[in-house]
$ cat query_0.txt   # compact mmCIF, C-alpha atoms and all ligand atoms
# COMPACT_ATOMS: atom_id res chain seq x y z
CA MET A 1 -18.12 1.09 7.54
CA GLY A 2 -19.52 3.62 9.92
CA LYS A 3 -19.74 1.13 12.74
CA LEU A 4 -18.58 1.68 16.28
CA ASN A 5 -14.99 2.77 16.29
CA ARG A 6 -14.51 3.61 19.90
CA LEU A 7 -11.04 2.21 20.35
CA SER A 8 -9.46 3.78 17.32
CA GLN A 9 -8.14 6.62 19.42
CA LEU A 10 -5.91 4.09 21.12
CA PHE A 11 -4.02 3.79 17.90
CA ASN A 12 -2.98 7.42 17.73
CA LEU A 13 0.65 6.78 18.33
CA LYS A 14 3.44 9.27 18.42
CA PRO A 15 5.26 10.05 15.19
CA PRO A 16 8.67 8.48 14.75
CA PRO A 17 11.38 10.34 16.65
CA SER A 18 13.66 10.73 13.69
CA PRO A 19 12.19 11.50 10.27
CA THR A 20 15.56 10.90 8.66
CA THR A 21 15.11 7.15 9.23
CA SER A 22 12.14 6.89 6.90
CA GLN A 23 13.60 7.75 3.54
CA PRO A 24 12.62 5.53 0.62
CA SER A 25 15.21 2.95 -0.25
CA PRO A 26 17.06 3.69 -3.49
CA LEU A 27 15.67 1.98 -6.55
CA SER A 28 17.90 -0.33 -8.47
CA THR A 29 18.00 0.55 -12.13
CA THR A 30 19.54 -2.75 -13.23
CA PRO A 31 17.27 -4.04 -15.97
CA LEU A 32 15.94 -7.55 -15.56
CA VAL A 33 17.38 -10.02 -18.04
CA LYS A 34 14.66 -12.54 -18.69
CA THR A 35 15.52 -16.19 -19.18
CA PRO A 36 14.63 -17.66 -22.59
CA HIS A 37 13.27 -20.87 -21.13
CA PRO A 38 10.68 -20.53 -18.40
CA TRP A 39 11.12 -22.19 -15.05
CA GLU A 40 8.31 -23.53 -12.86
CA GLY A 41 7.45 -21.73 -9.63
CA ASN A 42 5.44 -22.73 -6.61
CA LEU A 43 2.00 -21.49 -5.74
CA PRO A 44 2.14 -19.13 -2.75
CA CYS A 45 0.47 -21.77 -0.53
CA VAL A 46 2.83 -24.62 -1.43
CA PHE A 47 5.73 -25.41 0.89
CA GLY A 48 6.23 -29.03 0.00
CA PRO A 49 5.18 -31.57 -2.63
CA ASN A 50 2.05 -32.59 -0.73
CA ASP A 51 0.96 -29.17 0.33
CA GLY A 52 -1.35 -26.41 -0.77
CA CYS A 53 -4.66 -24.84 0.17
CA ASN A 54 -8.22 -26.05 -0.28
CA LEU A 55 -8.58 -24.07 -3.50
CA HIS A 56 -5.35 -25.22 -5.10
CA ASN A 57 -4.81 -28.71 -3.74
CA ARG A 58 -7.84 -29.93 -1.86
CA PRO A 59 -6.75 -33.59 -1.51
CA ARG A 60 -3.09 -32.58 -0.93
CA ALA A 61 -1.96 -34.63 -3.87
CA THR A 62 1.64 -34.44 -5.00
CA ILE A 63 2.15 -31.27 -7.00
CA PHE A 64 5.16 -29.33 -8.21
CA PHE A 65 7.45 -28.03 -5.51
CA ASP A 66 10.95 -26.64 -5.89
CA PRO A 67 12.77 -26.10 -2.54
CA LEU A 68 15.32 -23.92 -4.34
CA LEU A 69 12.70 -21.20 -4.55
CA PHE A 70 12.77 -20.64 -0.80
CA PRO A 71 15.54 -18.54 0.67
CA PRO A 72 18.31 -20.40 2.52
CA SER A 73 17.35 -18.73 5.81
CA SER A 74 14.05 -20.56 5.80
CA GLY A 75 15.95 -23.85 6.05
CA LYS A 76 14.39 -27.17 5.33
CA PRO A 77 10.77 -26.94 4.18
CA LYS A 78 8.38 -27.82 6.96
CA PRO A 79 4.76 -28.91 6.68
CA SER A 80 2.75 -25.78 6.10
CA GLY A 81 0.27 -26.17 8.97
CA ASN A 82 -2.71 -26.32 6.67
CA HIS A 83 -5.60 -28.39 7.88
CA PRO A 84 -5.45 -32.04 6.80
CA PRO A 85 -6.64 -32.94 3.32
CA VAL A 86 -10.29 -32.88 2.42
CA PRO A 87 -11.31 -36.16 0.74
CA GLY A 88 -12.27 -36.03 -2.88
CA PRO A 89 -10.72 -34.67 -6.02
CA SER A 90 -9.67 -31.07 -6.48
CA PRO A 91 -12.33 -29.12 -8.31
CA ASN A 92 -9.63 -27.83 -10.63
CA ALA A 93 -6.07 -28.78 -11.43
CA PRO A 94 -3.65 -26.45 -9.65
CA PRO A 95 -2.53 -23.71 -12.02
CA ALA A 96 1.04 -24.01 -13.26
CA ILE A 97 3.39 -21.07 -12.83
CA HIS A 98 5.97 -20.42 -15.53
CA SER A 99 8.29 -17.47 -15.11
CA HIS A 100 10.93 -15.89 -17.31
CA LEU A 101 12.34 -13.74 -14.52
CA PRO A 102 15.94 -14.21 -13.39
CA GLN A 103 16.33 -16.71 -10.57
CA GLN A 104 19.47 -15.37 -8.88
CA PRO A 105 18.33 -14.87 -5.29
CA HIS A 106 20.06 -11.50 -4.85
CA LEU A 107 17.88 -9.95 -7.57
CA GLY A 108 14.81 -10.51 -5.41
CA CYS A 109 12.40 -12.12 -7.87
CA LEU A 110 12.09 -15.15 -5.56
CA THR A 111 11.84 -13.19 -2.31
CA PRO A 112 8.58 -14.12 -0.60
CA LEU A 113 6.55 -11.83 1.61
CA PRO A 114 6.97 -12.61 5.31
CA ARG A 115 4.11 -14.58 6.82
CA ILE A 116 1.55 -12.53 8.71
CA HIS A 117 1.05 -15.40 11.16
CA LYS A 118 3.22 -18.41 11.80
CA SER A 119 0.44 -20.85 11.06
CA VAL A 120 -0.82 -19.17 7.88
CA PRO A 121 1.26 -20.75 5.13
CA TYR A 122 1.02 -18.13 2.44
CA ALA A 123 4.06 -16.46 0.92
CA PRO A 124 3.65 -14.85 -2.47
CA ALA A 125 6.86 -13.71 -4.10
CA PHE A 126 7.71 -11.04 -6.66
CA TYR A 127 7.46 -13.52 -9.54
CA HIS A 128 3.77 -14.08 -8.72
CA VAL A 129 3.13 -10.34 -8.80
CA ALA A 130 4.99 -9.95 -12.09
CA LEU A 131 3.11 -12.87 -13.66
CA VAL A 132 -0.27 -11.28 -12.96
CA LEU A 133 0.65 -7.77 -14.09
CA ASP A 134 2.65 -8.88 -17.14
CA ALA A 135 -0.42 -10.78 -18.35
CA LEU A 136 -2.56 -7.71 -17.80
CA ARG A 137 -0.15 -5.49 -19.74
CA ALA A 138 -0.06 -8.05 -22.56
CA GLY A 139 -3.83 -7.74 -22.85
CA ALA A 140 -4.61 -11.13 -21.32
CA ALA A 141 -6.79 -11.92 -18.32
CA PRO A 142 -4.58 -11.56 -15.25
CA PRO A 143 -4.20 -14.96 -13.55
CA LEU A 144 -5.36 -13.74 -10.13
CA GLY A 145 -6.26 -17.32 -9.20
CA ILE A 146 -2.63 -18.07 -8.38
CA LEU A 147 -2.92 -15.65 -5.45
CA SER A 148 -6.38 -16.77 -4.26
CA CYS A 149 -5.98 -19.28 -1.47
CA ALA A 150 -8.12 -20.57 1.38
CA ALA A 151 -7.55 -23.16 4.07
CA ALA A 152 -7.80 -23.80 7.79
CA THR A 153 -5.14 -24.78 10.25
CA GLY A 154 -5.30 -27.61 12.71
CA ALA A 155 -4.08 -25.26 15.44
CA ASN A 156 -6.02 -24.48 18.59
CA PRO A 157 -7.80 -22.15 18.18
CA ARG A 158 -8.48 -23.14 14.60
CA LEU A 159 -7.59 -20.38 12.17
CA VAL A 160 -9.57 -20.10 8.98
CA TRP A 161 -7.66 -18.05 6.46
CA SER A 162 -7.92 -16.86 2.89
CA ALA A 163 -6.14 -14.51 0.56
CA ARG A 164 -7.12 -12.82 -2.67
CA ALA A 165 -5.80 -10.17 -4.99
CA CYS A 166 -7.06 -7.50 -7.32
CA VAL A 167 -5.52 -5.04 -9.72
CA ALA A 168 -6.06 -1.36 -9.16
CA GLY A 169 -5.42 1.29 -11.75
CA LEU A 170 -3.59 4.37 -10.68
CA ASP A 171 -3.24 7.71 -12.40
CA GLY A 172 -1.48 6.93 -15.64
CA GLY A 173 -3.66 4.00 -16.65
CA MET A 174 -2.90 0.35 -17.03
CA ALA A 175 0.87 0.78 -17.27
CA SER A 176 0.94 1.90 -13.65
CA SER A 177 -1.55 -0.68 -12.37
CA SER A 178 -0.73 -2.05 -8.99
CA LEU A 179 -1.48 -5.41 -7.40
CA LEU A 180 -3.39 -5.34 -4.11
CA LEU A 181 -3.57 -8.24 -1.70
CA GLU A 182 -6.04 -9.05 1.06
CA TYR A 183 -5.48 -11.59 3.84
CA ALA A 184 -8.47 -12.60 5.95
CA VAL A 185 -7.98 -14.68 9.10
CA THR A 186 -10.72 -15.55 11.59
CA PHE A 187 -10.67 -17.57 14.78
CA PRO A 188 -13.16 -18.24 17.59
CA LEU A 189 -12.66 -17.55 21.29
CA SER A 190 -14.92 -18.80 24.02
CA ALA A 191 -14.42 -18.73 27.78
CA ASP A 192 -15.71 -21.78 29.61
CA LEU A 193 -18.45 -20.60 31.99
CA GLY A 194 -19.10 -24.09 33.33
CA ASP A 195 -22.77 -24.87 33.80
CA TRP A 196 -23.89 -21.24 33.70
CA ASP A 197 -26.63 -20.53 31.16
CA PRO A 198 -28.81 -17.50 30.47
CA SER A 199 -31.82 -18.99 32.27
CA MET A 200 -29.91 -18.68 35.57
CA THR A 201 -30.94 -15.07 36.02
CA HIS A 202 -29.61 -14.79 39.56
CA ALA A 203 -26.31 -16.57 39.08
CA ARG A 204 -23.12 -14.71 38.29
CA THR A 205 -19.95 -16.10 36.89
CA TYR A 206 -16.70 -14.82 35.40
CA ARG A 207 -13.78 -16.53 33.77
CA LYS A 208 -10.60 -15.17 32.29
CA GLU A 209 -8.46 -17.18 29.89
CA VAL A 210 -4.92 -16.34 28.96
CA LEU A 211 -4.41 -16.47 25.25
CA ILE A 212 -3.79 -18.41 23.07
CA GLY A 213 -1.32 -21.20 22.50
CA SER A 214 2.09 -19.59 22.53
CA GLY A 215 2.93 -18.39 19.05
CA TYR A 216 -0.66 -18.25 17.92
CA ARG A 217 -1.42 -14.91 19.45
CA ASP A 218 0.88 -12.76 17.34
CA PHE A 219 -0.03 -11.31 13.97
CA GLN A 220 2.82 -9.58 12.18
CA LEU A 221 0.71 -7.31 10.00
CA CYS A 222 3.88 -6.05 8.30
CA PRO A 223 7.54 -5.84 9.34
CA HIS A 224 6.60 -2.77 11.43
CA MET A 225 3.21 -3.55 12.98
CA MET A 226 2.46 -6.36 15.42
CA LEU A 227 -0.98 -7.21 16.77
CA SER A 228 -0.91 -9.57 19.77
CA PHE A 229 -3.90 -11.07 21.53
CA ARG A 230 -3.27 -11.44 25.23
CA SER A 231 -6.34 -12.76 27.01
CA HIS A 232 -10.09 -13.05 26.78
CA TRP A 233 -12.90 -13.41 29.28
CA GLY A 234 -16.51 -14.39 29.58
CA ALA A 235 -19.05 -13.33 32.18
CA GLY A 236 -22.61 -14.31 32.99
CA LYS A 237 -24.76 -11.83 34.88
CA ASP A 238 -28.48 -11.07 35.00
CA GLY A 239 -29.09 -13.75 32.38
CA VAL A 240 -26.77 -12.08 29.87
CA ARG A 241 -23.48 -13.45 28.64
CA THR A 242 -20.76 -10.97 27.79
CA ALA A 243 -17.24 -11.44 26.50
CA GLY A 244 -14.07 -9.45 26.03
CA VAL A 245 -10.73 -9.71 24.30
CA LYS A 246 -7.52 -7.92 25.24
CA PHE A 247 -4.86 -7.15 22.71
CA VAL A 248 -1.78 -5.03 22.14
CA TYR A 249 -0.93 -3.14 18.97
CA ALA A 250 2.74 -2.28 18.59
CA VAL A 251 4.59 -0.25 15.97
CA ARG A 252 8.32 -0.71 15.58
CA ARG A 253 10.29 2.05 17.31
CA GLU A 254 7.09 3.93 18.20
CA GLY A 255 5.76 1.92 21.11
CA GLU A 256 2.63 -0.01 21.84
CA SER A 257 -0.92 0.61 22.92
CA LYS A 258 -3.30 -1.71 24.69
CA GLY A 259 -6.84 -2.29 23.56
CA GLU A 260 -9.83 -4.19 24.85
CA TRP A 261 -13.01 -5.07 23.06
CA THR A 262 -16.09 -6.06 25.01
CA SER A 263 -19.45 -7.25 23.80
CA GLU A 264 -21.22 -4.99 26.28
CA GLY A 265 -23.31 -2.51 24.41
CA SER A 266 -22.37 -3.99 21.08
CA THR A 267 -25.03 -4.21 18.44
CA GLU A 268 -25.68 -6.83 15.80
CA GLY A 269 -22.97 -7.52 13.30
CA GLU A 270 -19.26 -7.01 13.40
CA GLU A 271 -17.67 -4.35 15.50
CA GLU A 272 -14.62 -3.00 13.81
CA MET A 273 -11.55 -1.09 14.70
CA GLU A 274 -9.50 0.78 12.21
CA GLY A 275 -6.35 2.78 12.47
CA MET A 276 -3.73 0.08 12.03
CA CYS A 277 -2.24 1.60 8.90
CA CYS A 278 1.51 1.55 8.43
CA GLY A 279 3.32 4.77 7.66
CA LYS A 280 6.51 2.84 6.81
CA CYS A 281 5.22 0.43 4.17
CA TRP A 282 2.08 -0.12 2.11
CA THR A 283 0.11 -2.18 4.65
CA ASP A 284 -3.27 -1.54 6.25
CA GLY A 285 -4.64 -3.67 9.09
CA TYR A 286 -8.16 -4.22 10.30
CA LEU A 287 -9.55 -5.90 13.40
CA GLY A 288 -13.15 -6.99 13.89
CA PHE A 289 -15.11 -8.78 16.60
CA ARG A 290 -18.47 -10.51 16.39
CA MET A 291 -20.43 -12.30 19.11
CA VAL A 292 -22.17 -15.39 17.77
CA PRO A 293 -24.79 -17.62 19.41
CA GLY A 294 -23.38 -19.86 22.10
CA GLY A 295 -21.18 -17.17 23.60
CA LYS A 296 -18.37 -17.42 21.09
CA VAL A 297 -16.51 -14.38 19.85
CA VAL A 298 -15.27 -14.55 16.28
CA VAL A 299 -12.14 -12.46 15.85
CA SER A 300 -11.36 -11.25 12.36
CA VAL A 301 -7.95 -9.94 11.31
CA ARG A 302 -7.54 -8.55 7.82
CA VAL A 303 -4.38 -7.27 6.24
CA TYR A 304 -4.13 -5.33 3.00
CA LYS A 305 -0.97 -4.73 1.01
CA ASP A 306 -0.09 -2.84 -2.14
CA LEU A 307 2.55 -4.95 -3.88
CA GLY A 308 3.40 -2.39 -6.52
CA GLN A 309 3.59 -2.52 -10.30
CA GLY A 310 5.47 -5.78 -10.72
CA LEU A 311 7.99 -4.34 -13.16
CA HIS A 312 11.12 -4.83 -11.05
CA PRO A 313 11.78 -6.53 -7.70
CA SER A 314 13.23 -3.26 -6.43
CA ASP A 315 9.77 -1.67 -6.74
CA VAL A 316 9.65 0.52 -3.67
CA LYS A 317 6.24 -0.76 -2.60
CA PHE A 318 7.18 -4.40 -2.96
CA VAL A 319 10.51 -3.95 -1.19
CA SER A 320 8.85 -2.14 1.70
CA VAL A 321 6.32 -4.91 2.38
CA ALA A 322 8.71 -7.78 1.62
CA THR A 323 11.78 -6.62 3.53
CA GLY A 324 10.58 -3.87 5.85
CA ALA A 325 12.73 -1.19 4.19
CA GLU A 326 11.08 1.93 5.49
CA VAL A 327 9.34 4.48 3.34
CA GLU A 328 7.32 7.52 4.22
CA ARG A 329 3.76 6.71 3.28
CA ARG A 330 1.29 9.57 3.19
CA GLU A 331 -1.60 9.39 5.64
CA ALA A 332 -3.94 10.29 2.79
CA ASP A 333 -3.20 6.82 1.39
CA PHE A 334 -4.22 4.99 4.58
CA GLY A 335 -7.13 2.61 4.08
CA ARG A 336 -7.00 2.78 0.25
CA MET A 337 -6.39 -0.94 -0.29
CA ARG A 338 -9.21 -1.99 2.00
CA ARG A 339 -11.61 0.43 0.34
CA ARG A 340 -10.74 -1.07 -3.01
CA PHE A 341 -11.76 -4.56 -1.91
CA LEU A 342 -14.92 -3.25 -0.24
CA GLU A 343 -15.90 -1.44 -3.43
CA MET A 344 -15.30 -4.60 -5.39
CA ASP A 345 -17.45 -6.62 -3.01
CA GLU A 346 -20.21 -4.09 -3.32
CA GLY A 347 -20.12 -4.51 -7.09
CA GLU A 348 -19.36 -0.88 -7.67
CA THR A 349 -16.52 -1.62 -10.03
CA LYS A 350 -18.53 -3.74 -12.47
CA GLY A 351 -17.73 -2.84 -16.04
CA GLU A 352 -14.72 -0.75 -15.20
CA GLU A 353 -12.29 -2.80 -17.16
CA GLY A 354 -8.87 -1.23 -17.17
CA GLU A 355 -9.39 0.09 -13.66
CA GLY A 356 -9.00 -3.34 -12.16
CA GLY A 357 -11.49 -5.27 -10.13
CA TRP A 358 -10.80 -8.75 -11.41
CA ILE A 359 -11.04 -11.33 -8.75
ZN ZN B 401 -3.50 -21.88 -2.60
ZN ZN B 402 4.80 -1.60 7.67

$ encode --input "query_0.txt" --output "structure tokens" --more "lines below"
Ligand SMILES: [Zn+2]
Ligand SMILES: [Zn+2]
Amino acid sequence: MGKLNRLSQLFNLKPPPSPTTSQPSPLSTTPLVKTPHPWEGNLPCVFGPNDGCNLHNRPRATIFFDPLLFPPSSGKPKPSGNHPPVPGPSPNAPPAIHSHLPQQPHLGCLTPLPRIHKSVPYAPAFYHVALVLDALRAGAAPPLGILSCAAATGANPRLVWSARACVAGLDGGMASSSLLLEYAVTFPLSADLGDWDPSMTHARTYRKEVLIGSGYRDFQLCPHMMLSFRSHWGAGKDGVRTAGVKFVYAVRREGESKGEWTSEGSTEGEEEMEGMCCGKCWTDGYLGFRMVPGGKVVVSVRVYKDLGQGLHPSDVKFVSVATGAEVERREADFGRMRRRFLEMDEGETKGEEGEGGWI
């Protein structure tokens, strides 16, 4: 935190024209009737019997997969896009998921979150959220491992992605604990400057590249916020290599703003831009850039979501992030989920059992 934030003003978009469109969706009060015999669910990274991430199915062995758990609109399951298998056995057997929640699709227990990127195969559903928080409320260790995934895609550029979850206590104690999710995606960009190198102090060169393979440039941070990378460039001048990335941040029905990051004047470490927080659902976005040796720029996109209390699939937080039903989220809440993960990484939550922080 506290790093250069010079483009955040670009994200000061106009408020929505009509406040009447952002009322919370009505909560269903239908109680959930649990099934006496548990059924087996998929891990959030599994879209076929030989699928999974490097944490859950490193060799891509055959594991449980039920196509009935995916909504009809998603059609026939396709290969997830995960990078090919890594030889060798899985360090651990994939965890099994047993749920007592009702399976009728209209009740929403099977509804997965939309993907944040078409080549990141990760779609947790309400039954995953409920499993973690039910265990917590029963006094057991919450099985956060079912939501922790990591893999890379074979796409060009290669995306390295991971996801993890934590439980955060809210006012009211454990009963109102909420499940938070973090996605982290990174990819490298590098413009080809031919034979230019920093020892050529009198040579100048410039190259612009239009991004990225079609379909790979768009990140749907939530149903309302889209981050699209458009182009990047590299330049060599006075023995110094610089780079830049152009992107567009768009909010549904509010318009879009253009942004450009350049390595000129940037210091060591990651340069970050904040301000991509959704006022219509519980999602916060983050964008970071880092120049690494060899002239590559590593782009980092992180997305944080509050998935709610896991008591009912009509939970207003879960519904907002899963379906895009608009709510009015207070600005004071912006950035909360990211701060929670940062605090956890800094070890500040050690020993605060009951407040969350399991990972
Ligand atoms: Zn996984
Ligand atoms: Zn949103």

$ closest_atom_pairs --input "query_0.txt" --of "chain A" --to "ligand ZN 402 (chain B)" --cutoff "9 Å" --atoms "only C-alpha atoms and all ligand atoms" --output "Markdown table"
| residue | atom | partner | partner_atom | distance |
| --- | --- | --- | --- | --- |
| A:Leu221 | CA | B:ZN402 | ZN | 7.4 |
| A:Cys222 | CA | B:ZN402 | ZN | 4.6 |
| A:Pro223 | CA | B:ZN402 | ZN | 5.3 |
| A:His224 | CA | B:ZN402 | ZN | 4.3 |
| A:Met225 | CA | B:ZN402 | ZN | 5.9 |
| A:Val251 | CA | B:ZN402 | ZN | 8.4 |
| A:Arg252 | CA | B:ZN402 | ZN | 8.7 |
| A:Cys277 | CA | B:ZN402 | ZN | 7.8 |
| A:Cys278 | CA | B:ZN402 | ZN | 4.6 |
| A:Gly279 | CA | B:ZN402 | ZN | 6.5 |
| A:Lys280 | CA | B:ZN402 | ZN | 4.8 |
| A:Cys281 | CA | B:ZN402 | ZN | 4.1 |
| A:Trp282 | CA | B:ZN402 | ZN | 6.4 |
| A:Thr283 | CA | B:ZN402 | ZN | 5.6 |
| A:Asp284 | CA | B:ZN402 | ZN | 8.2 |
| A:Ser320 | CA | B:ZN402 | ZN | 7.2 |
| A:Val321 | CA | B:ZN402 | ZN | 6.4 |
| A:Gly324 | CA | B:ZN402 | ZN | 6.5 |
| A:Ala325 | CA | B:ZN402 | ZN | 8.7 |
| A:Glu326 | CA | B:ZN402 | ZN | 7.5 |
| A:Val327 | CA | B:ZN402 | ZN | 8.7 |

$ residues_near_point --input "query_0.txt" --point "(7.5, -16.8, -6.2)" --cutoff "8 Å" --atoms "only C-alpha atoms" --output "list in words"
Gly41, Asn42, Leu43, Pro44, Leu69, Cys109, Leu110, Thr111, Pro112, Ala123, Pro124, Ala125, Phe126, Tyr127 and His128 of chain A

$ residues_near_ligand --input "query_0.txt" --ligand "ligand ZN 401 (chain B)" --cutoff "12 Å" --atoms "only C-alpha atoms and all ligand atoms" --output "ChimeraX atom specification"
/A:42-47,51-58,60,63,80,82,90,92-96,120-124,144-152,161-164

$ atom_distance --input "query_0.txt" --atom1 "atom CA of Val160 of chain A" --atom2 "atom CA of Val299 of chain A"
10.6 Å

$ closest_residue --input "query_0.txt" --among "A:Ala191, A:Val33, A:Leu113, A:Leu181" --to "Phe70 of chain A" --atoms "only C-alpha atoms"
A:Leu113

$ closest_residue --input "query_0.txt" --among "A:Ser177, A:Thr262, A:Ser99, A:Thr35" --to "Asp306 of chain A" --atoms "only C-alpha atoms"
A:Ser177

$ atom_distance --input "query_0.txt" --atom1 "atom CA of Ala135 of chain A" --atom2 "atom CA of Pro31 of chain A"
19.1 Å

$ residues_around --input "query_0.txt" --residues "Pro36 of chain A" --least-positions-apart "4" --cutoff "10 Å" --atoms "all atoms listed in the file" --output "PDB file with C-alpha atoms, in the frame of the given file"
ATOM      1  CA  SER A  99       8.290 -17.470 -15.110  1.00  0.00           C
ATOM      2  CA  HIS A 100      10.930 -15.890 -17.310  1.00  0.00           C
ATOM      3  CA  LEU A 101      12.340 -13.740 -14.520  1.00  0.00           C
ATOM      4  CA  PRO A 102      15.940 -14.210 -13.390  1.00  0.00           C
TER       5      PRO A 102
END

$ closest_residue --input "query_0.txt" --among "A:Met291, A:Val210, A:Leu179, A:Ala235" --to "Gly194 of chain A" --atoms "only C-alpha atoms"
A:Ala235

$ atom_distance --input "query_0.txt" --atom1 "atom CA of His106 of chain A" --atom2 "atom CA of Pro38 of chain A"
18.8 Å

$ residues_near_point --input "query_0.txt" --point "(-11.4, -4.0, 5.6)" --cutoff "10 Å" --atoms "all atoms listed in the file" --output "CSV table (one decimal) with C-alpha atoms, in the coordinates of the input"
chain,number,residue,atom,x,y,z
A,1,MET,CA,-18.1,1.1,7.5
A,182,GLU,CA,-6.0,-9.0,1.1
A,183,TYR,CA,-5.5,-11.6,3.8
A,184,ALA,CA,-8.5,-12.6,6.0
A,272,GLU,CA,-14.6,-3.0,13.8
A,273,MET,CA,-11.6,-1.1,14.7
A,274,GLU,CA,-9.5,0.8,12.2
A,284,ASP,CA,-3.3,-1.5,6.2
A,285,GLY,CA,-4.6,-3.7,9.1
A,286,TYR,CA,-8.2,-4.2,10.3
A,287,LEU,CA,-9.6,-5.9,13.4
A,288,GLY,CA,-13.2,-7.0,13.9
A,300,SER,CA,-11.4,-11.2,12.4
A,301,VAL,CA,-8.0,-9.9,11.3
A,302,ARG,CA,-7.5,-8.6,7.8
A,303,VAL,CA,-4.4,-7.3,6.2
A,304,TYR,CA,-4.1,-5.3,3.0
A,335,GLY,CA,-7.1,2.6,4.1
A,336,ARG,CA,-7.0,2.8,0.2
A,337,MET,CA,-6.4,-0.9,-0.3
A,338,ARG,CA,-9.2,-2.0,2.0
A,339,ARG,CA,-11.6,0.4,0.3
A,340,ARG,CA,-10.7,-1.1,-3.0
A,341,PHE,CA,-11.8,-4.6,-1.9
A,342,LEU,CA,-14.9,-3.2,-0.2

$ closest_residue --input "query_0.txt" --among "A:Trp261, A:Phe334, A:Phe229, A:Tyr249" --to "Phe187 of chain A" --atoms "only C-alpha atoms"
A:Phe229

$ closest_residue --input "query_0.txt" --among "A:Val297, A:Ala250, A:Leu227, A:Val245" --to "Glu209 of chain A" --atoms "all atoms listed in the file"
A:Val245

$ closest_residue --input "query_0.txt" --among "A:Phe219, A:Arg253, A:Ser176, A:Glu331" --to "Gly275 of chain A" --atoms "only C-alpha atoms"
A:Glu331

$ build_atoms --input "query_0.txt" --residues "segment 227-241 of chain A" --atoms "N, CA and C atoms" --output "mmCIF file, in the coordinates of the input"
data_model
loop_
_atom_site.group_PDB
_atom_site.id
_atom_site.type_symbol
_atom_site.label_atom_id
_atom_site.label_comp_id
_atom_site.auth_asym_id
_atom_site.auth_seq_id
_atom_site.Cartn_x
_atom_site.Cartn_y
_atom_site.Cartn_z
ATOM 1 N N LEU A 227 0.262 -7.164 16.006
ATOM 2 C CA LEU A 227 -0.980 -7.210 16.770
ATOM 3 C C LEU A 227 -0.954 -8.502 17.580
ATOM 4 N N SER A 228 -1.018 -8.387 18.903
ATOM 5 C CA SER A 228 -0.910 -9.570 19.770
ATOM 6 C C SER A 228 -2.148 -9.668 20.644
ATOM 7 N N PHE A 229 -2.762 -10.828 20.641
ATOM 8 C CA PHE A 229 -3.900 -11.070 21.530
ATOM 9 C C PHE A 229 -3.374 -11.635 22.830
ATOM 10 N N ARG A 230 -3.846 -11.087 23.936
ATOM 11 C CA ARG A 230 -3.270 -11.440 25.230
ATOM 12 C C ARG A 230 -4.174 -12.335 26.058
ATOM 13 N N SER A 231 -5.439 -11.961 26.185
ATOM 14 C CA SER A 231 -6.340 -12.760 27.010
ATOM 15 C C SER A 231 -7.771 -12.482 26.567
ATOM 16 N N HIS A 232 -8.667 -13.328 27.017
ATOM 17 C CA HIS A 232 -10.090 -13.050 26.780
ATOM 18 C C HIS A 232 -10.870 -13.524 27.981
ATOM 19 N N TRP A 233 -12.098 -13.055 28.110
ATOM 20 C CA TRP A 233 -12.900 -13.410 29.280
ATOM 21 C C TRP A 233 -14.355 -13.558 28.879
ATOM 22 N N GLY A 234 -15.068 -14.268 29.735
ATOM 23 C CA GLY A 234 -16.510 -14.390 29.580
ATOM 24 C C GLY A 234 -17.147 -14.145 30.931
ATOM 25 N N ALA A 235 -18.335 -13.582 30.935
ATOM 26 C CA ALA A 235 -19.050 -13.330 32.180
ATOM 27 C C ALA A 235 -20.524 -13.608 31.976
ATOM 28 N N GLY A 236 -21.167 -14.127 33.014
ATOM 29 C CA GLY A 236 -22.610 -14.310 32.990
ATOM 30 C C GLY A 236 -23.219 -13.536 34.147
ATOM 31 N N LYS A 237 -24.171 -12.671 33.841
ATOM 32 C CA LYS A 237 -24.760 -11.830 34.880
ATOM 33 C C LYS A 237 -26.141 -11.394 34.421
ATOM 34 N N ASP A 238 -27.106 -11.480 35.316
ATOM 35 C CA ASP A 238 -28.480 -11.070 35.000
ATOM 36 C C ASP A 238 -29.002 -11.756 33.737
ATOM 37 N N GLY A 239 -28.603 -12.993 33.544
ATOM 38 C CA GLY A 239 -29.090 -13.750 32.380
ATOM 39 C C GLY A 239 -28.457 -13.354 31.064
ATOM 40 N N VAL A 240 -27.417 -12.537 31.111
ATOM 41 C CA VAL A 240 -26.770 -12.080 29.870
ATOM 42 C C VAL A 240 -25.306 -12.512 29.878
ATOM 43 N N ARG A 241 -24.883 -13.058 28.767
ATOM 44 C CA ARG A 241 -23.480 -13.450 28.640
ATOM 45 C C ARG A 241 -22.721 -12.343 27.902
#
